[in-house]
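S.K.: Enclosed is the structure file run-v4.txt (compact mmCIF, C-alpha atoms).
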# COMPACT_ATOMS: atom_id res chain seq x y z
CA MET I 421 -10.12 -66.75 -40.03
CA LYS I 422 -6.73 -65.41 -38.99
CA LYS I 423 -6.85 -62.93 -41.87
CA LEU I 424 -10.29 -61.75 -40.76
CA ALA I 425 -9.15 -61.34 -37.17
CA PHE I 426 -6.10 -59.40 -38.33
CA LEU I 427 -8.27 -57.17 -40.55
CA VAL I 428 -10.65 -56.41 -37.68
CA PHE I 429 -7.69 -55.65 -35.39
CA ALA I 430 -6.13 -53.38 -38.02
CA ILE I 431 -9.37 -51.45 -38.55
CA PHE I 432 -9.83 -51.06 -34.80
CA THR I 433 -6.24 -49.86 -34.38
CA ILE I 434 -6.50 -47.32 -37.19
CA GLY I 435 -9.80 -46.02 -35.81
CA PHE I 436 -8.36 -45.72 -32.31
CA VAL I 437 -5.27 -43.84 -33.54
CA GLN I 438 -7.42 -41.46 -35.61
CA ALA I 439 -9.74 -40.83 -32.66
CA GLN I 440 -6.81 -40.10 -30.37
CA ALA I 441 -5.27 -37.78 -32.95
CA LYS I 442 -8.55 -35.91 -33.30
CA LYS I 443 -8.92 -35.72 -29.54
CA SER I 444 -5.36 -34.42 -29.21
CA LYS I 445 -5.98 -31.82 -31.92
CA ASN I 446 -9.14 -30.61 -30.23
CA MET I 447 -7.67 -30.46 -26.75
CA LYS I 448 -6.97 -26.86 -25.83
CA LYS I 449 -3.83 -26.19 -23.88
CA LYS I 450 -4.40 -24.14 -20.76
CA ILE I 451 -3.67 -20.44 -20.30
CA LEU I 452 -1.55 -19.15 -17.42
CA PHE I 453 -2.47 -15.83 -15.80
CA VAL I 454 0.26 -14.13 -13.73
CA MET I 455 -0.71 -11.93 -10.80
CA THR I 456 1.42 -9.79 -8.53
CA SER I 457 2.06 -10.72 -4.90
CA HIS I 458 3.08 -7.15 -4.02
CA ASP I 459 0.58 -5.13 -1.98
CA LYS I 460 2.11 -1.66 -1.37
CA LYS I 461 2.89 1.31 -3.61
CA GLY I 462 6.45 1.97 -2.51
CA ASP I 463 6.64 3.93 0.73
CA THR I 464 3.29 5.67 0.25
CA GLY I 465 1.39 3.26 2.49
CA GLU I 466 -1.23 2.92 -0.25
CA GLU I 467 -2.39 -0.60 -1.00
CA THR I 468 -2.17 -2.21 -4.42
CA GLY I 469 -2.17 -5.64 -6.04
CA TYR I 470 -3.49 -7.07 -9.30
CA PHE I 471 -6.22 -4.97 -10.92
CA LEU I 472 -9.40 -7.02 -10.85
CA GLY I 473 -10.77 -5.88 -14.22
CA GLU I 474 -7.49 -6.76 -15.90
CA VAL I 475 -8.03 -10.36 -14.85
CA SER I 476 -11.80 -10.66 -15.15
CA HIS I 477 -12.25 -9.18 -18.62
CA PRO I 478 -9.64 -11.34 -20.42
CA TRP I 479 -10.84 -14.30 -18.32
CA GLU I 480 -14.42 -13.81 -19.54
CA VAL I 481 -13.37 -13.85 -23.21
CA LEU I 482 -11.11 -16.90 -22.90
CA HIS I 483 -13.26 -18.85 -20.44
CA LYS I 484 -16.32 -18.52 -22.69
CA ALA I 485 -14.21 -19.75 -25.61
CA GLY I 486 -13.58 -22.97 -23.68
CA TYR I 487 -10.07 -22.39 -22.37
CA GLU I 488 -9.07 -23.43 -18.86
CA ILE I 489 -7.08 -20.84 -16.94
CA ASP I 490 -4.59 -21.33 -14.11
CA PHE I 491 -3.10 -18.62 -11.91
CA VAL I 492 0.45 -18.11 -10.70
CA SER I 493 1.98 -15.40 -8.54
CA PRO I 494 5.57 -14.82 -7.39
CA ILE I 495 4.96 -16.25 -3.92
CA GLY I 496 1.79 -18.28 -4.57
CA GLY I 497 -1.30 -18.30 -2.38
CA THR I 498 -3.84 -15.48 -2.38
CA PRO I 499 -2.59 -12.43 -4.32
CA PRO I 500 -3.71 -8.94 -3.18
CA VAL I 501 -6.44 -7.34 -5.26
CA ASP I 502 -6.89 -3.73 -6.35
CA GLY I 503 -9.61 -2.03 -8.36
CA PHE I 504 -12.21 -4.07 -6.50
CA ASP I 505 -15.45 -3.00 -8.18
CA LEU I 506 -18.32 -5.48 -8.18
CA LYS I 507 -20.59 -2.96 -9.92
CA ASP I 508 -18.73 -4.09 -13.01
CA PRO I 509 -20.80 -7.15 -14.01
CA VAL I 510 -17.76 -8.99 -15.43
CA ASN I 511 -15.84 -8.47 -12.18
CA LYS I 512 -18.87 -9.75 -10.29
CA GLU I 513 -19.22 -12.81 -12.53
CA PHE I 514 -15.55 -13.69 -12.06
CA TRP I 515 -15.50 -13.05 -8.31
CA GLU I 516 -18.60 -15.17 -7.73
CA ASN I 517 -17.40 -18.10 -9.85
CA LYS I 518 -16.53 -20.59 -7.11
CA GLU I 519 -14.11 -22.62 -9.22
CA TYR I 520 -12.06 -19.63 -10.34
CA LYS I 521 -12.27 -17.80 -7.02
CA SER I 522 -10.74 -20.89 -5.43
CA LYS I 523 -8.08 -21.07 -8.14
CA ILE I 524 -7.05 -17.46 -7.68
CA ASP I 525 -7.07 -17.78 -3.88
CA HIS I 526 -4.68 -20.73 -4.22
CA SER I 527 -2.47 -19.40 -6.99
CA LEU I 528 0.50 -21.55 -7.95
CA LYS I 529 4.11 -20.77 -7.16
CA PRO I 530 6.35 -20.53 -10.24
CA SER I 531 8.11 -23.74 -9.15
CA GLU I 532 4.77 -25.57 -9.46
CA VAL I 533 4.23 -24.60 -13.11
CA ASN I 534 5.01 -26.89 -16.04
CA PRO I 535 5.35 -24.61 -19.10
CA ASP I 536 4.51 -27.51 -21.43
CA ASN I 537 0.90 -27.40 -20.20
CA TYR I 538 0.24 -23.88 -21.48
CA SER I 539 -0.36 -22.23 -24.83
CA THR I 540 -0.27 -18.72 -23.41
CA ILE I 541 1.11 -16.75 -20.48
CA PHE I 542 -0.70 -13.51 -19.65
CA TYR I 543 0.66 -10.94 -17.21
CA ALA I 544 -2.18 -9.02 -15.54
CA GLY I 545 -1.60 -5.45 -14.45
CA GLY I 546 -1.96 -3.57 -11.21
CA HIS I 547 0.78 -1.37 -9.77
CA GLY I 548 2.14 -4.21 -7.64
CA ALA I 549 3.52 -5.79 -10.81
CA MET I 550 6.12 -3.02 -10.98
CA TRP I 551 7.81 -4.39 -7.88
CA ASP I 552 7.80 -8.16 -8.37
CA PHE I 553 7.45 -9.07 -12.07
CA ALA I 554 10.56 -7.77 -13.82
CA ASP I 555 13.20 -9.52 -11.70
CA ASN I 556 11.39 -12.83 -11.23
CA THR I 557 13.69 -15.15 -13.17
CA GLU I 558 11.44 -18.19 -12.66
CA LEU I 559 8.50 -16.49 -14.35
CA SER I 560 10.73 -15.18 -17.14
CA LYS I 561 11.99 -18.70 -17.86
CA ILE I 562 8.43 -20.05 -17.92
CA ALA I 563 7.43 -17.34 -20.39
CA SER I 564 10.42 -17.90 -22.67
CA LYS I 565 9.75 -21.66 -22.76
CA ILE I 566 6.08 -21.12 -23.66
CA TYR I 567 7.04 -18.61 -26.36
CA GLU I 568 9.80 -20.69 -27.91
CA LYS I 569 7.44 -23.65 -28.24
CA GLY I 570 5.13 -21.51 -30.36
CA GLY I 571 3.03 -20.06 -27.55
CA ILE I 572 1.83 -16.55 -26.79
CA VAL I 573 3.17 -14.02 -24.28
CA ALA I 574 0.74 -11.25 -23.34
CA GLY I 575 0.29 -8.48 -20.80
CA VAL I 576 -1.82 -5.45 -20.05
CA CYS I 577 -1.20 -2.12 -18.29
CA HIS I 578 1.64 -2.72 -15.78
CA GLY I 579 1.64 -6.43 -16.59
CA PRO I 580 4.30 -5.98 -19.32
CA ALA I 581 6.73 -5.28 -16.47
CA GLY I 582 6.99 -9.06 -16.61
CA LEU I 583 8.27 -8.87 -20.18
CA VAL I 584 11.20 -6.49 -19.68
CA ASN I 585 13.76 -9.14 -18.65
CA ILE I 586 12.52 -12.14 -20.64
CA LYS I 587 15.39 -13.40 -22.78
CA LEU I 588 15.17 -15.95 -25.56
CA SER I 589 17.65 -18.78 -26.14
CA ASN I 590 19.53 -16.62 -28.66
CA GLY I 591 20.27 -14.10 -25.89
CA ASN I 592 17.93 -11.41 -27.23
CA TYR I 593 15.23 -9.75 -25.16
CA LEU I 594 11.75 -10.97 -26.09
CA VAL I 595 10.52 -7.43 -26.75
CA ASP I 596 13.54 -6.39 -28.84
CA GLY I 597 12.35 -5.20 -32.25
CA LYS I 598 8.67 -5.89 -31.52
CA LYS I 599 5.76 -3.48 -31.33
CA ILE I 600 4.80 -3.27 -27.66
CA ASN I 601 2.61 -1.11 -25.51
CA ALA I 602 1.89 -0.78 -21.80
CA PHE I 603 1.03 1.84 -19.18
CA THR I 604 2.56 5.03 -20.55
CA ASN I 605 4.74 7.69 -18.91
CA GLU I 606 1.85 10.14 -19.30
CA GLU I 607 -0.57 7.81 -17.53
CA GLU I 608 1.93 7.23 -14.70
CA SER I 609 2.24 10.99 -14.34
CA GLU I 610 -1.54 11.38 -14.38
CA VAL I 611 -1.89 9.05 -11.36
CA LYS I 612 1.03 10.86 -9.65
CA LEU I 613 3.21 7.77 -9.24
CA THR I 614 6.10 8.69 -11.53
CA ASN I 615 8.44 9.06 -8.56
CA VAL I 616 7.00 6.10 -6.65
CA VAL I 617 7.32 3.19 -9.08
CA PRO I 618 10.81 1.63 -9.24
CA PHE I 619 11.09 2.41 -12.97
CA LEU I 620 8.97 3.82 -15.77
CA LEU I 621 7.62 0.92 -17.79
CA GLU I 622 7.55 2.74 -21.11
CA ASP I 623 11.20 3.79 -20.74
CA LYS I 624 12.35 0.32 -19.65
CA LEU I 625 10.64 -1.39 -22.60
CA LYS I 626 12.29 1.08 -24.98
CA GLU I 627 15.66 0.34 -23.36
CA ARG I 628 15.08 -3.34 -24.18
CA GLY I 629 14.57 -2.49 -27.85
CA ALA I 630 10.76 -2.42 -27.97
CA LYS I 631 9.02 -0.34 -30.61
CA PHE I 632 6.73 1.31 -28.09
CA GLU I 633 3.27 2.33 -29.30
CA LYS I 634 0.72 4.37 -27.39
CA SER I 635 -2.53 6.27 -27.57
CA GLY I 636 -3.85 9.11 -25.41
CA LEU I 637 -4.69 8.78 -21.73
CA TRP I 638 -6.97 5.82 -20.92
CA GLN I 639 -7.57 4.93 -24.57
CA ASN I 640 -8.02 1.30 -25.57
CA HIS I 641 -4.82 0.31 -27.40
CA VAL I 642 -3.69 -3.25 -28.12
CA VAL I 643 -0.88 -4.44 -30.36
CA THR I 644 0.05 -7.93 -31.56
CA ASP I 645 3.51 -8.64 -32.95
CA GLN I 646 4.99 -12.13 -33.46
CA ARG I 647 2.83 -13.77 -30.77
CA VAL I 648 3.46 -11.02 -28.23
CA ILE I 649 0.25 -9.19 -27.30
CA THR I 650 0.18 -6.08 -25.12
CA GLY I 651 -2.44 -3.57 -23.99
CA GLN I 652 -1.97 -0.07 -22.65
CA ASN I 653 -4.24 0.24 -19.62
CA PRO I 654 -7.31 -1.21 -17.82
CA GLN I 655 -9.50 -0.01 -20.69
CA SER I 656 -7.58 -2.40 -22.99
CA ALA I 657 -8.06 -5.55 -20.89
CA LYS I 658 -10.97 -7.10 -22.79
CA SER I 659 -9.34 -6.31 -26.13
CA VAL I 660 -6.17 -8.11 -25.01
CA GLY I 661 -8.29 -11.17 -24.23
CA GLU I 662 -9.88 -10.95 -27.68
CA ALA I 663 -6.47 -10.58 -29.34
CA ILE I 664 -5.17 -13.65 -27.46
CA LEU I 665 -8.20 -15.64 -28.62
CA LYS I 666 -7.71 -14.52 -32.22
CA GLU I 667 -4.06 -15.59 -32.11
CA LEU I 668 -4.92 -18.94 -30.52
CA GLU I 669 -7.44 -19.66 -33.27
CA LYS I 670 -4.92 -19.18 -36.08
Written as structure tokens, that's how I'd like the structure from this file.

M.R.:
Amino acid sequence: MKKLAFLVFAIFTIGFVQAQAKKSKNMKKKILFVMTSHDKKGDTGEETGYFLGEVSHPWEVLHKAGYEIDFVSPIGGTPPVDGFDLKDPVNKEFWENKEYKSKIDHSLKPSEVNPDNYSTIFYAGGHGAMWDFADNTELSKIASKIYEKGGIVAGVCHGPAGLVNIKLSNGNYLVDGKKINAFTNEEESEVKLTNVVPFLLEDKLKERGAKFEKSGLWQNHVVTDQRVITGQNPQSAKSVGEAILKELEK
């Protein structure tokens, strides 16, 4: 009788452990989107913020694939939005999703983020990112921890401003020796903000050792190199989301 009871207990225990292992394997770690808190283009008086399409289009790809997304910004709370176009059906879908609208309106502060909870950190663009991404050491540390645990670091347009000062535990810059792209010098010139932004993103990434790639003005261009995924401009936003998903599914 004791042997039978022990056998039943052993079978139950093995089944429970296998179920938990399967559950753990199937659980998808969350994705962290970073948005700027900065709302002005230098001294021009022009408003800026995160570019809506650069959040909504990657969100659509990853949300539909079953990933949960959290939002963080340098100061938390409601980040300023730019490129507000609800004629874009994906923008409209995102903006009218009550759960995610609430999440973005109550974005986390970096101090509230546990990097262990995330498989990916994605830096959304918008000109505001040029003022408050690069020197945010808290965000850089979060990104380096996610990356060094096998996660993905991504960005689009001006979002890769968040990558320029990320250092790994070996002291090297994250982008050093990797293929990277972002908003180009030519695109900055085209929007007449070359002398307004605090630095040129293309130049700064090259200074950090990035192998900078680019296409012509407003062309979709995305590159993946060693779990770092970057896109050139708003036109590349959806493709960055797709590249993140492809990397996550490996």

S.K.: I'd like the neighbourhood of Val660 (chain I) as a PyMOL selection string, where a residue qualifies if any of its atoms comes within 8 Å (using only C-alpha atoms), though same-chain residues fewer than 2 positions away should be ignored.

M.R.: chain I and resi 478+574-576+642+649-651+656-658+662-664

S.K.: Interatomic distance between CA of Gly545 (chain I) and CA of Lys448 (chain I)?

M.R.: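 According to the coordinates, CA of Gly545 (chain I) and CA of Lys448 (chain I) are separated by 24.8 Å.
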
S.K.: Smallest atom-to-atom distance to Arg647 (chain I): which of I:Ser531, I:Thr540, I:Asn605, I:Ser635, using only C-alpha atoms?

M.R.: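 When distances to Arg647 (chain I) are compared using only C-alpha atoms, the smallest one comes from I:Thr540.
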
S.K.: Just the residues within 9 Å of region 460-474 of chain I, please, counting all atoms listed in the file, with nothing from its chain fewer than 4 positions along; format it as an NGL selection string.

M.R.: :I and (455-456 or 478-479 or 499-505 or 508 or 510-511 or 515 or 544-549 or 551 or 576-577 or 579 or 613 or 616-618 or 653-658)

S.K.: Pick out the closest residue to Val584 (chain I) from this set: I:Lys565, I:Lys624, I:Lys599, I:Lys529. Count only C-alpha atoms.

M.R.: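 Nearest to Val584 (chain I): I:Lys624.
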
S.K.: Enter the distance from CA of Leu482 (chain I) to CA of Phe553 (chain I), in Å, rounded to one decimal.

M.R.: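 Taking CA of Leu482 (chain I) and CA of Phe553 (chain I), their separation equals 22.9 Å.
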
S.K.: Determine the nearest neighbour of His477 (chain I) from the options I:Tyr593, I:Phe603, I:Phe491, I:Phe514, counting only C-alpha atoms.

M.R.: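 Going through I:Tyr593, I:Phe603, I:Phe491, I:Phe514 one by one, the smallest distance to His477 (chain I) is for I:Phe514.
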
S.K.: What's around Leu452 (chain I) at 8 Å? Count all atoms listed in the file, leave out sequence neighbours fewer than 2 positions away in its own chain, and write the answer as a list in words.

M.R.: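 My list of contacting residues is Lys450, Val454, Ile489, Asp490, Phe491, Val492, Tyr538, Thr540, Ile541 and Phe542 of chain I.
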
S.K.: Find the spatial neighbours of region 585-587 of chain I, counting only C-alpha atoms, within a cut-off of 9 Å - ignore same-chain residues fewer than 6 positions away - and output them as a PDB file with C-alpha atoms, in the frame of the given file.

M.R.:
ATOM      1  CA  ALA I 554      10.560  -7.770 -13.820  1.00  0.00           C
ATOM      2  CA  ASP I 555      13.200  -9.520 -11.700  1.00  0.00           C
ATOM      3  CA  ASN I 556      11.390 -12.830 -11.230  1.00  0.00           C
ATOM      4  CA  THR I 557      13.690 -15.150 -13.170  1.00  0.00           C
ATOM      5  CA  LEU I 559       8.500 -16.490 -14.350  1.00  0.00           C
ATOM      6  CA  SER I 560      10.730 -15.180 -17.140  1.00  0.00           C
ATOM      7  CA  LYS I 561      11.990 -18.700 -17.860  1.00  0.00           C
ATOM      8  CA  ALA I 563       7.430 -17.340 -20.390  1.00  0.00           C
ATOM      9  CA  SER I 564      10.420 -17.900 -22.670  1.00  0.00           C
ATOM     10  CA  TYR I 593      15.230  -9.750 -25.160  1.00  0.00           C
ATOM     11  CA  LEU I 594      11.750 -10.970 -26.090  1.00  0.00           C
ATOM     12  CA  VAL I 595      10.520  -7.430 -26.750  1.00  0.00           C
ATOM     13  CA  ARG I 628      15.080  -3.340 -24.180  1.00  0.00           C
TER      14      ARG I 628
END

S.K.: Provide the CA of Val481 (chain I) to CA of Glu607 (chain I) distance in Å, to one decimal place.

M.R.: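 Distance reported for this atom pair: 25.8 Å.
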
S.K.: Check the smallest atom-to-atom distance from each of I:Ala581, I:Val573, I:Ile524, I:Val648 to Ile600 (chain I) using all atoms listed in the file, then report the winner.

M.R.: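 Once distances to Ile600 (chain I) are computed over all atoms listed in the file, the minimum belongs to I:Val648.
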
S.K.: Excluding Asp596 (chain I) and its own-chain neighbours fewer than 3 positions away, which residues fall within 9 Å of it when counting all atoms listed in the file? Please give them as a PyMOL selection string.

M.R.: chain I and resi 592-593+599+625-631

S.K.: Rank nothing, just name the residue among I:Val533, I:Ser493, I:Gly582, I:Ser476 nearest to Leu506 (chain I), using all atoms listed in the file.

M.R.: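 Ranking I:Val533, I:Ser493, I:Gly582, I:Ser476 by distance to Leu506 (chain I), first place goes to I:Ser476.
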